Structures are given as structure tokens and as C-alpha cells.
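What follows is a single structure, written as C-alpha cells, with notes after it.
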Amino acid sequence: MRILLVEDDTMLGEGVQRGLRQQGHAVDWVRDGRAADLAVAGEPYDLVLLDLGLPLKGGLDVLRDLRRRGRHVPVLILTAQDPVGDRVAGLDAGADDYLVKPFDLDELAARVRALHRRSIGRAQPVLVHDRLTLDPAMHEVSLDGTPVALSAREFSLLHALLEHPGRPVSRARLEERLYGWGEEVESNAVEVHVHSLRRKLGAEWIKTLRGVGYVIPKRP
């Protein structure tokens with residue numbers, strides 16, 4: 001998943017970015033509201049983690065402008081402001097959920113997964129496609145009930161393809177899901193990960209559509 005983190009607290013930002021990256025997410029981090037505006041205008045994020053008390057432009061203003069421009073990306077507010085009125089204001093401005101600081105990283109990760117499921121119209125937490133099962137919470141994949149060991153990026157790539165079996169995903173979109181700012185991307189990185197997944201799962205699971213991208217075929 002490609003996530004934008006908007007947080008001006010350096011220690012918290014570093015911890016959240018590191019923790020979510022370890023789970024295979026691509027996380028871009030900005031530290032003020034104006035930088036957030038520029039980021040969401042230029043990248044197709046799957047989720048925004050938004051602090052309210054930001055320099056240069058407040059989080060609520062960032063959120064209102066985001067919704068005013070018709071952007072429907074899920075937004076999870078991270079706030080040190082505990083009064084009910086502040087939480088209500090954030091939800092009424094278009095936020096999808098909130099989390100009060102300090103928070104546990106496992107809870108944040110669970111809320112991120114839940115918001116992403118909701119945004120793609122899927123209620124079940126575990127993806128099951130024929131003989132293949134992927135559990136985002138446990139970060140586990142199994143084929144015919146047998147666990148399959150995947151790297152973080154292999155897991156993320158397979159997750160992206162399994163969200164909509166039968167729907168092709170372009171190489172550019174997969175790169176966006178796998179790599180954030182400042183992370184070096186080799187020209188054949190996606191191809192390497194796909195090759196590794198085919199070796200571990202079987203070549204029939206991921207098909208290449210030349211000029212289009214990659215797809216997990218629907219099963220009868």
C-alpha cells in the first residue's frame with residue numbers, strides 16, 4: 001500500500017514510517033500542511049495518515065481542501081487533541097477514522113488495513129482465491145494450506161494483485177505500491193519480484209499482459 005504520513009513530530013514520524021515499511025508498505029513522510037497538499041496532488045496514495053497540529057497549514061484545512069477537490073483517498077487522523085469536539089470536527093471534515101496519540105503501532109496497522117478494505121469494497125480480512133490464501137494481519141501466505149515464505153515486497157505485490165483477481169495492474173502502479181520516496185527502484189524490480197513469486201507459487205498464478213501489466217486470473 002502507498003501511504004502518505006503527514007506528521008511534524010520527528011520521533012513519531014520516524015517510528016511510524018519504519019514500522020509500516022517493515023510491514024511492506026511504501027510510506028512517504030512530510031512534516032507540514034503545505035507539503036501535504038503538494039504530495040497528494042502528485043501521487044496516487046491509498047491512504048493518508050494526517051496529524052491535525054501541523055505547521056504552515058493545519059490538518060483540518062488540508063483535509064477540507066482534499067475533499068473539496070474531490071479526492072476520496074481514505075484519511076486517518078492522528079491527533080494529540082483529545083476533546084470530543086476536535087474528533088467530531090475531523091470526521092465532519094471528511095476523515096474516515098481517528099487515533100489519539102500516543103497509540104500502539106499494532107492498532108495503527110490494524111486501522112490502516114480496515115480502512116483499505118473498506119476503500120476497495122471488501123469486508124473479509126483474509127483474501128482467499130482458489131487454493132491461495134493471504135492474511136494481511138498475520139503477513140502470511142499459504143497455498144493448499146502450506147505456508148509460503150515471501151519477502152515484504154513480494155507479499156505487497158501479491159496483495160495488490162489479489163485485491164481484484166482478473167483485473168490487470170500496470171508495472172508503474174505496482175512500483176508505486178512497493179516503493180516510496182528516496183527508495184531506489186531498479187528498472188526490472190517488479191519483474192524480479194514477479195519471477196520470484198512464480199517460482200514459489202507456480203507460473204500459472206500470475207500472467208503477464210504485454211503492454212498492460214500483470215494479473216491473477218479469475219478461477220472458474
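Each chain of the C-alpha cells is named A, B, ... in the order shown, its residues numbered from 1; ligands are numbered from 1 in display order.
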> Near region 203-214 of chain A, counting only C-alpha atoms, which residues have an atom at most 9 Å away, once you skip same-chain residues fewer than 3 positions from it, shown as a ChimeraX atom specification?
Replying inline: /A:158,161,167-172,194-195,197-200,217
> Which neighbours of region 96-106 of chain A fall inside 7 Å, counting only C-alpha atoms, when residues of the same chain fewer than 3 positions from it are skipped, and could you give them as a PyMOL selection string?
Replying inline: chain A and resi 74-80+82+91+109-110
Take the residues from that selection and write them out as a PDB file, in the first residue's frame, keeping all heavy atoms.
```pdb
ATOM      1  N   PRO A  74      -8.801   7.426   1.560  1.00  0.00           N
ATOM      2  CA  PRO A  74      -9.093   7.325   2.993  1.00  0.00           C
ATOM      3  C   PRO A  74      -8.106   8.140   3.826  1.00  0.00           C
ATOM      4  O   PRO A  74      -6.909   8.154   3.539  1.00  0.00           O
ATOM      5  CB  PRO A  74      -8.950   5.829   3.280  1.00  0.00           C
ATOM      6  CG  PRO A  74      -9.138   5.156   1.967  1.00  0.00           C
ATOM      7  CD  PRO A  74      -8.577   6.103   0.944  1.00  0.00           C
ATOM      8  N   VAL A  75      -8.618   8.808   4.854  1.00  0.00           N
ATOM      9  CA  VAL A  75      -7.795   9.636   5.734  1.00  0.00           C
ATOM     10  C   VAL A  75      -8.002   9.193   7.179  1.00  0.00           C
ATOM     11  O   VAL A  75      -9.131   9.143   7.675  1.00  0.00           O
ATOM     12  CB  VAL A  75      -8.144  11.129   5.595  1.00  0.00           C
ATOM     13  CG1 VAL A  75      -7.355  11.962   6.616  1.00  0.00           C
ATOM     14  CG2 VAL A  75      -7.854  11.622   4.181  1.00  0.00           C
ATOM     15  N   LEU A  76      -6.899   8.868   7.831  1.00  0.00           N
ATOM     16  CA  LEU A  76      -6.894   8.522   9.249  1.00  0.00           C
ATOM     17  C   LEU A  76      -6.198   9.637  10.000  1.00  0.00           C
ATOM     18  O   LEU A  76      -5.017   9.923   9.761  1.00  0.00           O
ATOM     19  CB  LEU A  76      -6.165   7.193   9.465  1.00  0.00           C
ATOM     20  CG  LEU A  76      -5.895   6.758  10.907  1.00  0.00           C
ATOM     21  CD1 LEU A  76      -7.187   6.592  11.683  1.00  0.00           C
ATOM     22  CD2 LEU A  76      -5.097   5.451  10.931  1.00  0.00           C
ATOM     23  N   ILE A  77      -6.918  10.297  10.891  1.00  0.00           N
ATOM     24  CA  ILE A  77      -6.359  11.414  11.658  1.00  0.00           C
ATOM     25  C   ILE A  77      -5.564  10.883  12.844  1.00  0.00           C
ATOM     26  O   ILE A  77      -6.022  10.016  13.595  1.00  0.00           O
ATOM     27  CB  ILE A  77      -7.485  12.348  12.148  1.00  0.00           C
ATOM     28  CG1 ILE A  77      -8.035  13.167  10.976  1.00  0.00           C
ATOM     29  CG2 ILE A  77      -6.995  13.269  13.247  1.00  0.00           C
ATOM     30  CD1 ILE A  77      -9.170  14.084  11.368  1.00  0.00           C
ATOM     31  N   LEU A  78      -4.364  11.422  13.012  1.00  0.00           N
ATOM     32  CA  LEU A  78      -3.530  11.159  14.187  1.00  0.00           C
ATOM     33  C   LEU A  78      -3.497  12.447  14.994  1.00  0.00           C
ATOM     34  O   LEU A  78      -2.964  13.455  14.519  1.00  0.00           O
ATOM     35  CB  LEU A  78      -2.109  10.768  13.760  1.00  0.00           C
ATOM     36  CG  LEU A  78      -1.977   9.632  12.755  1.00  0.00           C
ATOM     37  CD1 LEU A  78      -0.507   9.425  12.386  1.00  0.00           C
ATOM     38  CD2 LEU A  78      -2.566   8.340  13.310  1.00  0.00           C
ATOM     39  N   THR A  79      -4.064  12.442  16.172  1.00  0.00           N
ATOM     40  CA  THR A  79      -4.180  13.698  16.900  1.00  0.00           C
ATOM     41  C   THR A  79      -3.846  13.549  18.374  1.00  0.00           C
ATOM     42  O   THR A  79      -4.175  12.540  18.995  1.00  0.00           O
ATOM     43  CB  THR A  79      -5.599  14.286  16.757  1.00  0.00           C
ATOM     44  OG1 THR A  79      -5.693  15.482  17.523  1.00  0.00           O
ATOM     45  CG2 THR A  79      -6.651  13.293  17.237  1.00  0.00           C
ATOM     46  N   ALA A  80      -3.169  14.571  18.899  1.00  0.00           N
ATOM     47  CA  ALA A  80      -2.922  14.641  20.332  1.00  0.00           C
ATOM     48  C   ALA A  80      -4.057  15.391  21.019  1.00  0.00           C
ATOM     49  O   ALA A  80      -4.087  15.503  22.234  1.00  0.00           O
ATOM     50  CB  ALA A  80      -1.592  15.341  20.599  1.00  0.00           C
ATOM     51  N   ASP A  82      -7.527  15.555  22.401  1.00  0.00           N
ATOM     52  CA  ASP A  82      -8.449  14.514  22.836  1.00  0.00           C
ATOM     53  C   ASP A  82      -9.904  14.951  22.960  1.00  0.00           C
ATOM     54  O   ASP A  82     -10.786  14.100  22.948  1.00  0.00           O
ATOM     55  CB  ASP A  82      -7.972  13.948  24.176  1.00  0.00           C
ATOM     56  CG  ASP A  82      -8.586  12.583  24.473  1.00  0.00           C
ATOM     57  OD1 ASP A  82      -9.024  11.906  23.520  1.00  0.00           O
ATOM     58  OD2 ASP A  82      -8.656  12.219  25.640  1.00  0.00           O
ATOM     59  N   LEU A  91     -13.941  14.242  11.715  1.00  0.00           N
ATOM     60  CA  LEU A  91     -14.823  13.323  10.995  1.00  0.00           C
ATOM     61  C   LEU A  91     -15.781  14.089  10.087  1.00  0.00           C
ATOM     62  O   LEU A  91     -16.042  13.678   8.952  1.00  0.00           O
ATOM     63  CB  LEU A  91     -15.600  12.462  11.994  1.00  0.00           C
ATOM     64  CG  LEU A  91     -14.753  11.476  12.806  1.00  0.00           C
ATOM     65  CD1 LEU A  91     -15.582  10.850  13.927  1.00  0.00           C
ATOM     66  CD2 LEU A  91     -14.167  10.390  11.912  1.00  0.00           C
ATOM     67  N   ALA A 109      -1.677  -0.162  12.545  1.00  0.00           N
ATOM     68  CA  ALA A 109      -1.610  -1.045  11.388  1.00  0.00           C
ATOM     69  C   ALA A 109      -2.961  -1.717  11.130  1.00  0.00           C
ATOM     70  O   ALA A 109      -3.376  -1.877   9.975  1.00  0.00           O
ATOM     71  CB  ALA A 109      -0.526  -2.102  11.595  1.00  0.00           C
ATOM     72  N   ALA A 110      -3.665  -2.087  12.214  1.00  0.00           N
ATOM     73  CA  ALA A 110      -4.980  -2.722  12.053  1.00  0.00           C
ATOM     74  C   ALA A 110      -5.987  -1.744  11.468  1.00  0.00           C
ATOM     75  O   ALA A 110      -6.799  -2.102  10.598  1.00  0.00           O
ATOM     76  CB  ALA A 110      -5.473  -3.246  13.395  1.00  0.00           C
TER      77      ALA A 110
END
```
>> Give me, as a ChimeraX atom specification, the residues of region 68-121 of chain A that a backbone DSSP run labels alpha helix (DSSP H).
In response: /A:68,84-92,105-119
>> Give me, as a PyMOL selection string, all polymer residues having an atom no more than 12 Å from region 41-46 of chain A, counting only C-alpha atoms and skipping those fewer than 2 positions away in the same chain.
In response: chain A and resi 1-5+25-28+34-39+48-49+62+65-66+69-76+112-113+115-120+160+172-181
Writer output for current selection, C-alpha atoms, as a PDB file, in the first residue's frame:
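As written to disk, selection_35.pdb reads:
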```pdb
ATOM      1  CA  MET A   1       0.000   0.000   0.000  1.00  0.00           C
ATOM      2  CA  ARG A   2       1.228   3.543  -0.769  1.00  0.00           C
ATOM      3  CA  ILE A   3       0.735   5.731   2.315  1.00  0.00           C
ATOM      4  CA  LEU A   4       1.301   9.444   2.917  1.00  0.00           C
ATOM      5  CA  LEU A   5       2.284  10.260   6.504  1.00  0.00           C
ATOM      6  CA  HIS A  25       4.034  -0.534   2.859  1.00  0.00           C
ATOM      7  CA  ALA A  26       5.592   2.301   0.869  1.00  0.00           C
ATOM      8  CA  VAL A  27       5.451   5.341   3.196  1.00  0.00           C
ATOM      9  CA  ASP A  28       6.178   8.928   2.135  1.00  0.00           C
ATOM     10  CA  ARG A  34       1.627  22.751   2.513  1.00  0.00           C
ATOM     11  CA  ALA A  35       3.936  19.825   1.732  1.00  0.00           C
ATOM     12  CA  ALA A  36       0.946  17.523   2.244  1.00  0.00           C
ATOM     13  CA  ASP A  37      -1.041  19.478  -0.368  1.00  0.00           C
ATOM     14  CA  LEU A  38       1.759  19.084  -2.894  1.00  0.00           C
ATOM     15  CA  ALA A  39       2.186  15.377  -2.131  1.00  0.00           C
ATOM     16  CA  VAL A  48      -3.274   9.370   4.266  1.00  0.00           C
ATOM     17  CA  LEU A  49      -2.218   9.465   7.931  1.00  0.00           C
ATOM     18  CA  VAL A  62      -5.570  20.070   4.474  1.00  0.00           C
ATOM     19  CA  ASP A  65      -9.200  21.090   0.714  1.00  0.00           C
ATOM     20  CA  LEU A  66      -8.566  17.440  -0.151  1.00  0.00           C
ATOM     21  CA  ARG A  69     -11.009  18.803  -4.763  1.00  0.00           C
ATOM     22  CA  GLY A  70     -12.953  15.535  -4.950  1.00  0.00           C
ATOM     23  CA  ARG A  71     -10.182  13.269  -3.657  1.00  0.00           C
ATOM     24  CA  HIS A  72     -11.659  10.175  -1.992  1.00  0.00           C
ATOM     25  CA  VAL A  73      -8.471   8.685  -0.543  1.00  0.00           C
ATOM     26  CA  PRO A  74      -9.093   7.325   2.993  1.00  0.00           C
ATOM     27  CA  VAL A  75      -7.795   9.636   5.734  1.00  0.00           C
ATOM     28  CA  LEU A  76      -6.894   8.522   9.249  1.00  0.00           C
ATOM     29  CA  VAL A 112      -4.873   1.022   8.172  1.00  0.00           C
ATOM     30  CA  ARG A 113      -5.847  -2.455   6.975  1.00  0.00           C
ATOM     31  CA  LEU A 115      -9.686   1.431   6.026  1.00  0.00           C
ATOM     32  CA  HIS A 116      -8.038  -0.069   2.982  1.00  0.00           C
ATOM     33  CA  ARG A 117     -10.501  -2.983   2.947  1.00  0.00           C
ATOM     34  CA  ARG A 118     -13.379  -0.525   3.146  1.00  0.00           C
ATOM     35  CA  SER A 119     -11.965   1.623   0.345  1.00  0.00           C
ATOM     36  CA  ILE A 120     -11.811  -1.314  -2.070  1.00  0.00           C
ATOM     37  CA  ALA A 160      -2.062  -5.804  -4.786  1.00  0.00           C
ATOM     38  CA  ALA A 172       4.001   1.594 -12.834  1.00  0.00           C
ATOM     39  CA  ARG A 173       1.159   1.149 -10.334  1.00  0.00           C
ATOM     40  CA  LEU A 174       2.924  -1.794  -8.709  1.00  0.00           C
ATOM     41  CA  GLU A 175       6.089   0.286  -8.361  1.00  0.00           C
ATOM     42  CA  GLU A 176       4.020   2.992  -6.659  1.00  0.00           C
ATOM     43  CA  ARG A 177       2.663   0.426  -4.223  1.00  0.00           C
ATOM     44  CA  LEU A 178       6.086  -1.024  -3.435  1.00  0.00           C
ATOM     45  CA  TYR A 179       8.433   1.960  -3.281  1.00  0.00           C
ATOM     46  CA  GLY A 180       8.257   5.320  -1.544  1.00  0.00           C
ATOM     47  CA  TRP A 181      10.304   8.481  -1.965  1.00  0.00           C
TER      48      TRP A 181
END
```
> Among region 2-220 of chain A, which residues carry a DSSP assignment of strand (DSSP E or B), reported as number ranges by chain?
Replying inline: A: 2-6, 26-30, 47-51, 75-79, 97-100, 127-129, 132-135, 140-143, 146-148, 169, 207-209, 213-215
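Each of A:Glu7, A:His159, A:Ala123, A:Val190 was compared to Glu140 (chain A) using only C-alpha atoms, and A:His159 turns out to be the nearest.
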>> When you look at Asp9 (chain A) with a cut-off of 10 Å (counting only C-alpha atoms), what residues show up, excluding the ones that are within fewer than 6 positions of it in the same chain? I need them as a list of chain:residue names.
In response: A:Arg31, A:Asp51, A:Gly53, A:Leu54
> Between A:Pro55, A:Gly33, A:Gly94, A:Gly19, which one has atoms that come closest to Leu108 (chain A), using only C-alpha atoms?
Replying inline: A:Gly19
> Quick one, how far is CA of Leu47 (chain A) from CA of Ser142 (chain A)?
Replying inline: 26.7 Å
